[in-house]
Each structure stands twice: as C-alpha cells, then as structure tokens.
>>> print(open('query12.cif').read())   # mmCIF, C-alpha atoms
data_protein
#
loop_
_atom_site.label_atom_id
_atom_site.label_comp_id
_atom_site.auth_asym_id
_atom_site.auth_seq_id
_atom_site.Cartn_x
_atom_site.Cartn_y
_atom_site.Cartn_z
CA MET A 1 -55.38 -23.99 89.38
CA THR A 2 -55.95 -24.09 85.62
CA ILE A 3 -59.50 -24.66 84.46
CA HIS A 4 -60.47 -25.98 81.04
CA CYS A 5 -63.37 -25.54 78.68
CA PRO A 6 -65.73 -28.55 78.91
CA ALA A 7 -66.26 -28.39 75.13
CA CYS A 8 -62.76 -28.04 73.65
CA GLY A 9 -60.52 -28.84 76.63
CA LEU A 10 -58.37 -25.74 76.21
CA PRO A 11 -57.37 -23.59 79.20
CA ILE A 12 -59.58 -20.65 80.16
CA LEU A 13 -57.80 -17.53 81.32
CA PRO A 14 -58.62 -16.06 84.76
CA THR A 15 -59.70 -12.86 83.00
CA GLU A 16 -62.57 -14.79 81.39
CA ILE A 17 -64.15 -15.65 84.74
CA THR A 18 -67.00 -13.43 85.95
CA PRO A 19 -66.38 -11.21 89.00
CA ALA A 20 -68.73 -13.43 91.01
CA GLY A 21 -66.50 -16.40 90.19
CA ASP A 22 -69.35 -18.65 89.09
CA LEU A 23 -69.14 -18.55 85.27
CA ALA A 24 -66.29 -18.82 82.76
CA TYR A 25 -66.24 -17.96 79.06
CA CYS A 26 -64.23 -19.77 76.36
CA ARG A 27 -63.40 -17.30 73.59
CA LEU A 28 -62.50 -20.05 71.13
CA CYS A 29 -65.74 -21.99 71.58
CA GLU A 30 -67.78 -18.87 72.34
CA ARG A 31 -69.51 -20.78 75.13
CA THR A 32 -70.16 -20.10 78.79
CA ALA A 33 -69.96 -22.77 81.49
CA THR A 34 -69.96 -22.87 85.26
CA VAL A 35 -66.57 -22.71 86.94
CA ASP A 36 -67.33 -26.01 88.67
CA ALA A 37 -67.88 -27.65 85.27
CA CYS A 38 -64.62 -26.15 84.03
CA ARG A 39 -62.74 -27.50 87.05
CA ALA A 40 -64.11 -30.97 86.36
CA ALA A 41 -63.48 -30.80 82.61
CA LYS A 42 -60.70 -32.89 81.13
CA PRO A 43 -57.85 -31.01 79.44
CA LEU A 44 -57.41 -31.43 75.72
CA ALA A 45 -54.55 -33.91 76.17
CA GLN A 46 -57.01 -36.34 77.81
CA HIS A 47 -59.72 -35.91 75.18
CA PRO A 48 -60.26 -38.51 72.47
CA ALA A 49 -59.23 -37.48 68.96
CA SER A 50 -61.26 -34.49 67.87
CA SER A 51 -64.14 -35.31 65.55
CA GLU A 52 -65.12 -31.72 64.87
CA THR A 53 -65.64 -31.44 61.13
CA PRO A 54 -64.13 -28.38 59.45
CA PRO A 55 -66.76 -25.95 58.16
CA LYS A 56 -67.51 -25.63 54.46
CA GLY A 57 -64.58 -24.14 52.54
CA LEU A 58 -61.89 -25.64 54.82
CA GLN A 59 -59.95 -28.85 54.25
CA LEU A 60 -57.78 -30.46 56.94
CA THR A 61 -54.93 -32.94 56.61
CA ASP A 62 -53.62 -33.97 60.02
CA ASN A 63 -50.96 -36.58 60.80
CA LEU A 64 -48.10 -37.31 63.20
CA THR A 65 -45.57 -35.20 61.28
CA GLY A 66 -47.68 -32.07 60.89
CA PHE A 67 -50.85 -30.57 59.52
CA GLN A 68 -52.24 -28.63 56.60
CA VAL A 69 -55.39 -26.53 56.53
CA VAL A 70 -56.53 -25.23 53.14
CA LEU A 71 -59.06 -22.40 52.93
CA SER A 72 -60.74 -21.75 49.58
CA THR A 73 -61.42 -18.08 48.81
CA ALA A 74 -63.54 -18.89 45.75
CA SER A 75 -66.77 -16.90 45.66
CA TRP A 76 -69.73 -16.27 43.36
CA VAL A 77 -68.62 -12.62 43.40
CA ALA A 78 -66.12 -13.62 40.70
CA LEU A 79 -69.05 -13.81 38.25
CA ILE A 80 -69.50 -10.06 38.69
CA LEU A 81 -65.86 -9.06 39.10
CA TRP A 82 -64.49 -10.53 35.87
CA PRO A 83 -66.91 -8.73 33.49
CA PHE A 84 -66.58 -5.51 35.47
CA MET A 85 -62.78 -5.73 35.45
CA LEU A 86 -62.68 -6.39 31.70
CA VAL A 87 -64.92 -3.40 31.02
CA TRP A 88 -62.95 -1.20 33.43
CA ALA A 89 -59.52 -2.23 32.19
CA GLY A 90 -60.48 -2.40 28.54
CA GLY A 91 -62.30 0.91 28.53
CA SER A 92 -59.99 3.00 30.70
CA LEU A 93 -56.59 1.56 29.82
CA GLY A 94 -57.50 1.02 26.18
CA GLY A 95 -58.68 4.60 25.85
CA ILE A 96 -55.57 6.03 27.52
CA TYR A 97 -52.73 3.81 26.33
CA GLY A 98 -54.26 2.33 23.17
CA PRO A 99 -53.86 5.44 20.99
CA GLN A 100 -50.25 5.86 22.18
CA ILE A 101 -49.39 2.29 21.23
CA LYS A 102 -51.19 2.57 17.91
CA SER A 103 -49.49 5.85 16.93
CA GLY A 104 -46.12 4.95 18.44
CA GLU A 105 -46.04 8.31 20.24
CA PHE A 106 -45.60 8.46 24.02
CA SER A 107 -47.44 11.09 26.09
CA TRP A 108 -46.19 11.72 29.61
CA MET A 109 -49.36 13.57 30.60
CA MET A 110 -51.75 10.90 29.39
CA SER A 111 -49.58 8.12 30.87
CA LEU A 112 -49.50 9.78 34.30
CA PHE A 113 -53.25 10.37 34.10
CA GLY A 114 -53.73 6.66 33.47
CA LEU A 115 -51.72 5.44 36.49
CA PRO A 116 -54.71 5.41 38.92
CA PHE A 117 -56.72 3.42 36.36
CA LEU A 118 -53.79 1.03 35.94
CA ALA A 119 -53.52 0.56 39.71
CA GLY A 120 -57.28 0.02 39.98
CA SER A 121 -57.15 -2.61 37.23
CA VAL A 122 -54.34 -4.48 39.00
CA ILE A 123 -56.29 -4.49 42.29
CA LEU A 124 -59.47 -5.65 40.55
CA PHE A 125 -57.55 -8.43 38.82
CA GLY A 126 -56.08 -9.60 42.13
CA VAL A 127 -59.51 -9.69 43.81
CA ALA A 128 -61.09 -11.48 40.83
CA PHE A 129 -58.21 -13.97 40.70
CA MET A 130 -58.50 -14.84 44.39
CA SER A 131 -62.30 -15.06 44.09
CA THR A 132 -61.85 -17.67 41.35
CA PHE A 133 -58.65 -19.62 42.04
CA GLY A 134 -57.57 -18.42 45.50
CA ARG A 135 -56.37 -20.63 48.33
CA VAL A 136 -54.96 -19.86 51.77
CA THR A 137 -52.86 -22.67 53.21
CA VAL A 138 -51.69 -22.94 56.83
CA GLU A 139 -49.23 -25.77 57.30
CA SER A 140 -46.40 -27.11 59.42
CA GLY A 141 -44.33 -30.25 58.93
CA GLN A 142 -41.20 -32.04 60.03
CA ASP A 143 -39.02 -28.95 59.48
CA GLY A 144 -40.80 -27.15 62.34
CA VAL A 145 -41.77 -24.13 60.25
CA LEU A 146 -45.29 -22.73 60.12
CA ARG A 147 -46.14 -21.38 56.68
CA ILE A 148 -49.11 -19.31 55.58
CA ARG A 149 -49.39 -19.28 51.79
CA LYS A 150 -51.90 -17.20 49.87
CA GLY A 151 -52.48 -17.33 46.12
CA GLY A 152 -53.50 -19.79 43.43
CA LEU A 153 -52.43 -21.68 40.31
CA GLY A 154 -48.89 -22.05 41.66
CA ILE A 155 -48.47 -18.32 42.44
CA TYR A 156 -48.22 -17.77 46.20
CA TRP A 157 -47.16 -15.19 48.76
CA THR A 158 -45.71 -16.85 51.86
CA LYS A 159 -45.29 -15.76 55.49
CA SER A 160 -43.53 -18.08 57.91
CA ALA A 161 -42.32 -18.47 61.48
CA ALA A 162 -40.91 -21.21 63.67
CA TRP A 163 -43.84 -23.31 64.87
CA MET A 164 -42.48 -23.36 68.43
CA ASP A 165 -42.53 -19.54 68.45
CA VAL A 166 -46.31 -19.47 67.98
CA VAL A 167 -47.81 -18.99 71.44
CA SER A 168 -51.53 -18.46 70.86
CA ALA A 169 -54.35 -18.34 68.33
CA GLU A 170 -57.44 -16.17 68.58
CA VAL A 171 -60.30 -14.75 66.52
CA VAL A 172 -60.16 -11.05 65.69
CA GLU A 173 -63.10 -9.05 64.38
CA GLU A 174 -62.51 -6.01 62.18
CA THR A 175 -65.22 -3.50 61.26
CA ARG A 176 -64.79 -1.01 58.44
CA ARG A 177 -67.02 1.78 57.21
CA ARG A 178 -67.49 2.21 53.48
CA LYS A 179 -69.90 4.70 51.96
CA GLY A 180 -72.03 4.80 55.08
CA ASN A 181 -72.19 1.01 55.47
CA TYR A 182 -70.29 -1.14 57.93
CA THR A 183 -68.64 -4.38 56.86
CA THR A 184 -67.28 -6.92 59.32
CA SER A 185 -64.48 -9.36 58.57
CA TYR A 186 -62.80 -12.02 60.69
CA ALA A 187 -59.31 -13.44 60.98
CA CYS A 188 -57.38 -16.01 62.97
CA VAL A 189 -54.41 -14.22 64.49
CA LEU A 190 -51.34 -16.14 65.65
CA LYS A 191 -49.18 -14.39 68.23
CA LEU A 192 -45.44 -15.06 68.28
CA ARG A 193 -42.85 -14.89 71.03
CA GLN A 194 -41.15 -12.15 69.03
CA GLY A 195 -42.18 -10.16 66.01
CA ASP A 196 -45.51 -9.19 64.47
CA PRO A 197 -48.45 -11.59 64.67
CA LEU A 198 -49.43 -13.68 61.66
CA LYS A 199 -52.97 -13.21 60.39
CA VAL A 200 -55.13 -15.61 58.39
CA GLY A 201 -58.14 -13.74 57.06
CA THR A 202 -61.41 -15.56 56.38
CA GLY A 203 -63.42 -12.60 55.09
CA THR A 204 -66.95 -12.43 56.49
CA ASP A 205 -67.00 -16.08 57.64
CA ARG A 206 -66.66 -16.13 61.43
CA GLU A 207 -67.22 -19.89 61.63
CA GLN A 208 -64.08 -20.57 59.58
CA ALA A 209 -61.97 -18.18 61.67
CA ALA A 210 -63.26 -19.68 64.93
CA TRP A 211 -62.65 -23.28 63.82
CA LEU A 212 -59.14 -22.47 62.60
CA ALA A 213 -58.32 -20.67 65.86
CA ARG A 214 -59.60 -23.62 67.93
CA TYR A 215 -57.67 -26.13 65.87
CA LEU A 216 -54.38 -24.21 65.98
CA ALA A 217 -54.81 -23.41 69.68
CA GLY A 218 -55.21 -27.13 70.27
CA ARG A 219 -52.05 -27.92 68.30
CA ILE A 220 -50.18 -25.27 70.25
CA TYR A 221 -51.46 -26.74 73.52
CA LEU A 222 -50.47 -30.28 72.62
CA ARG A 223 -47.30 -29.33 70.68
CA ARG A 224 -47.28 -32.59 68.79
#
>>> encode(input="query12.cif", output="structure tokens")
Amino acid sequence: MTIHCPACGLPILPTEITPAGDLAYCRLCERTATVDACRAAKPLAQHPASSETPPKGLQLTDNLTGFQVVLSTASWVALILWPFMLVWAGGSLGGIYGPQIKSGEFSWMMSLFGLPFLAGSVILFGVAFMSTFGRVTVESGQDGVLRIRKGGLGIYWTKSAAWMDVVSAEVVEETRRRKGNYTTSYACVLKLRQGDPLKVGTGTDREQAAWLARYLAGRIYLRR
C-alpha cells in the first residue's frame, strides 16, 4: 500500500519509514508524520490546487500546457566582484599584455605567464555577470521537452531532456572545504530514465531547492 505525505500529498518511500513502523519522513517537505496519518492522507491528485507561494527569488508560471520556473541569481556580492575583477583584470592583464600591444612585439614567455591571469579574469567575469544579470530557467511546454537554461541578457547555456524521461526530483546537499572553512550549497537534482541527472543549483538557499524539488516532483506525479 502506498502512503502519502499529509502536507504535500506525494508518495513516501518504504525506506523512509522508521524500523518500528510508526513514523514516516517526507524528504521533500522535511517533515515527519505518523504512518496512520500518512495512510489517511489524500494523494496529490486529490488535493486542491497548490497555494504554496514560491520563496523569494523564484517566479512561477503554471498553466495547462506547461510551466516555467525562473530563479534569479542576482546577489549583493556583485558590488564587490565588479571592482575586484576590474582591478584584477586591469592590473594583471594590462601589465602583461599591454606593453606587448603598445610596442607591437609579441613575447611567448610573457603571454604564457599571463594565461592563468587571463583564465582567472574570465572566471571572475562569469561570476560577476551571473551575480548581476543571471537567471536559471526550468521550463517545459507543449513540445514535451524539459529545458534548463542558465545565463542572462539573452546569452544562455541550455540542458534538455524529454519531460517524460524525468522520473524524480530531490534536494542534494554539497559541502566543500575552502581554506579551512566549509561551505554548503544545495541543488534540485532531476533523475532520468537514462543518462546523467540534470542539476539546478540554488547556491546556499536550501528553501529554493526544496520548493523547486517539491514542485517538480508534484508535476512528475501528476504528469499533466
């Protein structure tokens, strides 16, 4: 017998039931309920239209033909990144390549020495750009294709898969160590019938990743 979360109406896997068989945990809602309450809960298909408001930074467009979720990656960090990038790029690249351009003489040694600074400038520009203009869009329409687009100002990188091939959505937590400190980031990961999963990163915002995973899991469950 399939049991459902009393809060979101999505199925709860048998592995999320305690050994005693009295409590069940919904990973998408991050809530615990009694198994009896889960047995009595209505599945999502019998719930009224969801009124859960997307968290700050997410915009939802939902209709009969498909959906679109837009995540803004804009951050106040851009106020620091742009000046730092301009100083870094202007100082390092200007000092290495400027004299060559001015004199019209090319130096292999100096040019090779400048490659790490050039790569660092490109990475800094990308981070600053996404922190200012960045958007991540998850959408599917009448063509039956799920698209994840990342970029801004008309410049996007796109990953796609057949919507019917998406079988689940879940929140994944990633912890990295940098200079003795640990940073935690979150992502909504979509598993496919075949091929590598698709990941939608939300940075350090777990609430956004959890909401997106619940919403997409609901769409997968209903398949409408």
>>> atom_distance(input="query12.cif", atom1="CA of Gly201 (chain A)", atom2="CA of Ile3 (chain A)")
29.5 Å
>>> atom_distance(input="query12.cif", atom1="CA of Ile155 (chain A)", atom2="CA of Ser131 (chain A)")
14.3 Å
>>> resolve_selection(input="query12.cif", expression="the PyMOL selection byres ((chain A and resi 150) around 7)", output="tab-separated table (two decimals) with C-alpha atoms, keeping the file's coordinate frame")
chain	number	residue	atom	x	y	z
A	135	ARG	CA	-56.37	-20.63	48.33
A	136	VAL	CA	-54.96	-19.86	51.77
A	137	THR	CA	-52.86	-22.67	53.21
A	148	ILE	CA	-49.11	-19.31	55.58
A	149	ARG	CA	-49.39	-19.28	51.79
A	151	GLY	CA	-52.48	-17.33	46.12
A	156	TYR	CA	-48.22	-17.77	46.20
A	157	TRP	CA	-47.16	-15.19	48.76
A	158	THR	CA	-45.71	-16.85	51.86
>>> resolve_selection(input="query12.cif", expression="the PyMOL selection byres ((chain A and resi 53-56) around 9)", output="list in words")
Ser50, Ser51, Glu52, Gly57, Leu58, Gln59, Leu60, Glu207, Gln208, Trp211 and Leu212 of chain A
>>> resolve_selection(input="query12.cif", expression="the PyMOL selection byres ((chain A and resi 23-34) around 7)", output="PyMOL selection string")
chain A and resi 5+12+16-18+21-22+35-38+170+210+213-214
>>> residues_near_point(input="query12.cif", point="(-49.4, -9.5, 68.8)", cutoff="12 Å", atoms="only C-alpha atoms", output="PyMOL selection string")
chain A and resi 166-170+172+188-199
>>> write_last_selection(input="query12.cif", atoms="C-alpha atoms", output="short mmCIF file (atom, residue, chain, number, x, y, z; two decimals), in the coordinates of the input")
data_model
loop_
_atom_site.label_atom_id
_atom_site.label_comp_id
_atom_site.auth_asym_id
_atom_site.auth_seq_id
_atom_site.Cartn_x
_atom_site.Cartn_y
_atom_site.Cartn_z
CA VAL A 166 -46.31 -19.47 67.98
CA VAL A 167 -47.81 -18.99 71.44
CA SER A 168 -51.53 -18.46 70.86
CA ALA A 169 -54.35 -18.34 68.33
CA GLU A 170 -57.44 -16.17 68.58
CA VAL A 172 -60.16 -11.05 65.69
CA CYS A 188 -57.38 -16.01 62.97
CA VAL A 189 -54.41 -14.22 64.49
CA LEU A 190 -51.34 -16.14 65.65
CA LYS A 191 -49.18 -14.39 68.23
CA LEU A 192 -45.44 -15.06 68.28
CA ARG A 193 -42.85 -14.89 71.03
CA GLN A 194 -41.15 -12.15 69.03
CA GLY A 195 -42.18 -10.16 66.01
CA ASP A 196 -45.51 -9.19 64.47
CA PRO A 197 -48.45 -11.59 64.67
CA LEU A 198 -49.43 -13.68 61.66
CA LYS A 199 -52.97 -13.21 60.39
#
>>> residues_around(input="query12.cif", residues="Tyr186 (chain A)", least_positions_apart="5", cutoff="9 Å", atoms="only C-alpha atoms", output="PyMOL selection string")
chain A and resi 171-175+200-206+208-210
>>> closest_residue(input="query12.cif", among="A:Gly218, A:Gly104, A:Gly66, A:Pro83", to="Asp143 (chain A)", atoms="only C-alpha atoms")
A:Gly66
>>> decode(input="query12.cif", residues="region 107-136 of chain A", atoms="N, CA, C and O atoms", output="short mmCIF file (atom, residue, chain, number, x, y, z; two decimals), in the first residue's frame")
data_model
loop_
_atom_site.label_atom_id
_atom_site.label_comp_id
_atom_site.auth_asym_id
_atom_site.auth_seq_id
_atom_site.Cartn_x
_atom_site.Cartn_y
_atom_site.Cartn_z
N SER A 107 55.63 38.41 -27.08
CA SER A 107 56.53 37.62 -26.25
C SER A 107 55.83 36.35 -25.82
O SER A 107 54.84 36.40 -25.08
N TRP A 108 56.35 35.20 -26.30
CA TRP A 108 55.76 33.92 -25.93
C TRP A 108 55.82 33.70 -24.42
O TRP A 108 54.85 33.23 -23.81
N MET A 109 56.95 34.03 -23.81
CA MET A 109 57.12 33.76 -22.39
C MET A 109 56.14 34.56 -21.55
O MET A 109 55.46 34.03 -20.66
N MET A 110 56.04 35.86 -21.83
CA MET A 110 55.12 36.70 -21.08
C MET A 110 53.66 36.31 -21.35
O MET A 110 52.83 36.33 -20.43
N SER A 111 53.34 35.93 -22.57
CA SER A 111 51.97 35.54 -22.91
C SER A 111 51.57 34.26 -22.19
O SER A 111 50.45 34.14 -21.68
N LEU A 112 52.49 33.28 -22.13
CA LEU A 112 52.20 32.04 -21.42
C LEU A 112 52.08 32.30 -19.92
O LEU A 112 51.22 31.71 -19.25
N PHE A 113 52.92 33.19 -19.41
CA PHE A 113 52.85 33.55 -17.99
C PHE A 113 51.50 34.18 -17.65
O PHE A 113 50.98 34.03 -16.54
N GLY A 114 50.92 34.88 -18.61
CA GLY A 114 49.66 35.58 -18.36
C GLY A 114 48.42 34.72 -18.50
O GLY A 114 47.32 35.16 -18.13
N LEU A 115 48.55 33.48 -19.01
CA LEU A 115 47.37 32.63 -19.21
C LEU A 115 46.58 32.37 -17.92
O LEU A 115 45.34 32.44 -17.93
N PRO A 116 47.23 32.04 -16.78
CA PRO A 116 46.43 31.84 -15.56
C PRO A 116 45.66 33.09 -15.15
O PRO A 116 44.53 33.00 -14.66
N PHE A 117 46.28 34.28 -15.34
CA PHE A 117 45.59 35.52 -15.02
C PHE A 117 44.41 35.76 -15.97
O PHE A 117 43.37 36.27 -15.57
N LEU A 118 44.60 35.37 -17.24
CA LEU A 118 43.51 35.50 -18.21
C LEU A 118 42.35 34.59 -17.85
O LEU A 118 41.18 35.00 -17.87
N ALA A 119 42.68 33.34 -17.48
CA ALA A 119 41.64 32.38 -17.08
C ALA A 119 40.91 32.87 -15.83
O ALA A 119 39.67 32.78 -15.73
N GLY A 120 41.68 33.39 -14.86
CA GLY A 120 41.06 33.90 -13.64
C GLY A 120 40.13 35.07 -13.92
O GLY A 120 39.06 35.18 -13.32
N SER A 121 40.51 35.93 -14.85
CA SER A 121 39.68 37.08 -15.21
C SER A 121 38.38 36.63 -15.86
O SER A 121 37.31 37.19 -15.60
N VAL A 122 38.46 35.60 -16.72
CA VAL A 122 37.26 35.08 -17.37
C VAL A 122 36.30 34.49 -16.35
O VAL A 122 35.09 34.71 -16.38
N ILE A 123 36.85 33.73 -15.38
CA ILE A 123 36.01 33.13 -14.34
C ILE A 123 35.36 34.22 -13.48
O ILE A 123 34.16 34.16 -13.18
N LEU A 124 36.16 35.21 -13.10
CA LEU A 124 35.62 36.31 -12.29
C LEU A 124 34.51 37.06 -13.03
O LEU A 124 33.49 37.44 -12.45
N PHE A 125 34.72 37.26 -14.34
CA PHE A 125 33.70 37.95 -15.12
C PHE A 125 32.41 37.13 -15.15
O PHE A 125 31.31 37.69 -15.02
N GLY A 126 32.53 35.81 -15.33
CA GLY A 126 31.34 34.96 -15.36
C GLY A 126 30.57 35.00 -14.05
O GLY A 126 29.33 35.11 -14.04
N VAL A 127 31.30 34.96 -12.92
CA VAL A 127 30.64 35.00 -11.61
C VAL A 127 29.98 36.37 -11.39
O VAL A 127 28.85 36.46 -10.91
N ALA A 128 30.69 37.44 -11.76
CA ALA A 128 30.13 38.79 -11.60
C ALA A 128 28.92 38.99 -12.49
O ALA A 128 27.92 39.60 -12.09
N PHE A 129 28.99 38.46 -13.71
CA PHE A 129 27.86 38.58 -14.65
C PHE A 129 26.63 37.89 -14.10
O PHE A 129 25.52 38.45 -14.10
N MET A 130 26.79 36.64 -13.62
CA MET A 130 25.65 35.89 -13.09
C MET A 130 25.12 36.52 -11.81
O MET A 130 23.93 36.46 -11.52
N SER A 131 26.01 37.15 -11.03
CA SER A 131 25.58 37.80 -9.79
C SER A 131 24.81 39.08 -10.06
O SER A 131 24.15 39.61 -9.17
N THR A 132 24.91 39.59 -11.29
CA THR A 132 24.22 40.82 -11.65
C THR A 132 23.00 40.58 -12.54
O THR A 132 21.91 41.08 -12.27
N PHE A 133 23.19 39.79 -13.59
CA PHE A 133 22.13 39.60 -14.59
C PHE A 133 21.61 38.16 -14.66
O PHE A 133 20.72 37.88 -15.46
N GLY A 134 22.15 37.27 -13.87
CA GLY A 134 21.91 35.84 -14.06
C GLY A 134 20.50 35.37 -13.78
O GLY A 134 19.81 35.86 -12.89
N ARG A 135 20.06 34.40 -14.58
CA ARG A 135 18.78 33.73 -14.40
C ARG A 135 18.97 32.24 -14.68
O ARG A 135 19.74 31.86 -15.56
N VAL A 136 18.26 31.41 -13.94
CA VAL A 136 18.17 29.98 -14.24
C VAL A 136 16.70 29.68 -14.49
O VAL A 136 15.85 29.94 -13.62
#
